[in-house]
Amino acid sequence: MKMTQKELIAEVQNHLSKTHGTALGAVDIKRVLSSLEHIATTAFQAGKEVTLPGIGKFKVAVRAPRTGRNPQTGEAIAIAAKNVVKFSVSKPLSDALN
């Protein structure tokens, strides 16, 4: 089951109010998430990794070119190299899940 952006914002609001007694509006939290997206994109374009403490590390890796198959015709097709984002989960999060 996936969490929508609206649900994520509500969870952040709830957590902040319970643990810190702080209330942030949905608009403020949405701005933080948007800023995080911008910062991560800029870092990835510069070849940097992004670490979210307690969650994990994101980094860019190159997926090598390969040969694939057209499922309808069976014809071989060339698939170009591509940059992808890889995620490595942090030990505390991994331990919490297992």
# chains A, B, ... in the order shown; residues from 1 in each chain; ligands from 1
>>> residues_around(residues="Ile29 (chain A)", least_positions_apart="5", cutoff="12 Å", atoms="only C-alpha atoms", output="PDB file with N, CA and C atoms, in the first residue's frame")
ATOM      1  N   GLN A   5       0.914  11.844  -1.031  1.00  0.00           N
ATOM      2  CA  GLN A   5       1.546  13.055  -0.505  1.00  0.00           C
ATOM      3  C   GLN A   5       0.687  13.675   0.593  1.00  0.00           C
ATOM      4  N   LYS A   6      -0.602  13.671   0.400  1.00  0.00           N
ATOM      5  CA  LYS A   6      -1.512  14.236   1.399  1.00  0.00           C
ATOM      6  C   LYS A   6      -1.409  13.465   2.718  1.00  0.00           C
ATOM      7  N   GLU A   7      -1.330  12.143   2.648  1.00  0.00           N
ATOM      8  CA  GLU A   7      -1.202  11.318   3.846  1.00  0.00           C
ATOM      9  C   GLU A   7       0.159  11.544   4.518  1.00  0.00           C
ATOM     10  N   LEU A   8       1.215  11.678   3.707  1.00  0.00           N
ATOM     11  CA  LEU A   8       2.548  11.943   4.254  1.00  0.00           C
ATOM     12  C   LEU A   8       2.565  13.266   5.011  1.00  0.00           C
ATOM     13  N   ILE A   9       1.983  14.288   4.427  1.00  0.00           N
ATOM     14  CA  ILE A   9       1.920  15.599   5.074  1.00  0.00           C
ATOM     15  C   ILE A   9       1.171  15.498   6.405  1.00  0.00           C
ATOM     16  N   ALA A  10       0.053  14.788   6.408  1.00  0.00           N
ATOM     17  CA  ALA A  10      -0.732  14.619   7.638  1.00  0.00           C
ATOM     18  C   ALA A  10       0.075  13.869   8.697  1.00  0.00           C
ATOM     19  N   GLU A  11       0.830  12.849   8.290  1.00  0.00           N
ATOM     20  CA  GLU A  11       1.662  12.089   9.235  1.00  0.00           C
ATOM     21  C   GLU A  11       2.764  12.963   9.818  1.00  0.00           C
ATOM     22  N   VAL A  12       3.378  13.799   8.987  1.00  0.00           N
ATOM     23  CA  VAL A  12       4.428  14.705   9.476  1.00  0.00           C
ATOM     24  C   VAL A  12       3.825  15.692  10.472  1.00  0.00           C
ATOM     25  N   GLN A  13       2.673  16.261  10.139  1.00  0.00           N
ATOM     26  CA  GLN A  13       2.006  17.188  11.061  1.00  0.00           C
ATOM     27  C   GLN A  13       1.715  16.499  12.392  1.00  0.00           C
ATOM     28  N   ASN A  14       1.174  15.306  12.334  1.00  0.00           N
ATOM     29  CA  ASN A  14       0.821  14.556  13.538  1.00  0.00           C
ATOM     30  C   ASN A  14       2.063  14.250  14.370  1.00  0.00           C
ATOM     31  N   LEU A  16       5.041  15.776  14.370  1.00  0.00           N
ATOM     32  CA  LEU A  16       5.617  16.999  14.936  1.00  0.00           C
ATOM     33  C   LEU A  16       4.830  17.482  16.148  1.00  0.00           C
ATOM     34  N   ALA A  23       3.358  22.864  15.621  1.00  0.00           N
ATOM     35  CA  ALA A  23       2.359  22.710  14.574  1.00  0.00           C
ATOM     36  C   ALA A  23       2.845  23.428  13.316  1.00  0.00           C
ATOM     37  N   LEU A  24       2.982  22.677  12.241  1.00  0.00           N
ATOM     38  CA  LEU A  24       3.312  23.259  10.938  1.00  0.00           C
ATOM     39  C   LEU A  24       2.126  23.044  10.023  1.00  0.00           C
ATOM     40  N   SER A  34       9.058  19.843  -1.356  1.00  0.00           N
ATOM     41  CA  SER A  34       9.458  20.378  -2.662  1.00  0.00           C
ATOM     42  C   SER A  34      10.921  20.795  -2.651  1.00  0.00           C
ATOM     43  N   SER A  35      11.367  21.406  -1.560  1.00  0.00           N
ATOM     44  CA  SER A  35      12.768  21.802  -1.427  1.00  0.00           C
ATOM     45  C   SER A  35      13.670  20.582  -1.416  1.00  0.00           C
ATOM     46  N   LEU A  36      13.257  19.542  -0.724  1.00  0.00           N
ATOM     47  CA  LEU A  36      14.028  18.308  -0.677  1.00  0.00           C
ATOM     48  C   LEU A  36      14.178  17.713  -2.081  1.00  0.00           C
TER      49      LEU A  36
END
>>> atom_distance(atom1="CA of Ala64 (chain A)", atom2="CA of Val84 (chain A)")
10.4 Å
>>> atom_distance(atom1="CA of Pro71 (chain A)", atom2="CA of Lys86 (chain A)")
26.7 Å
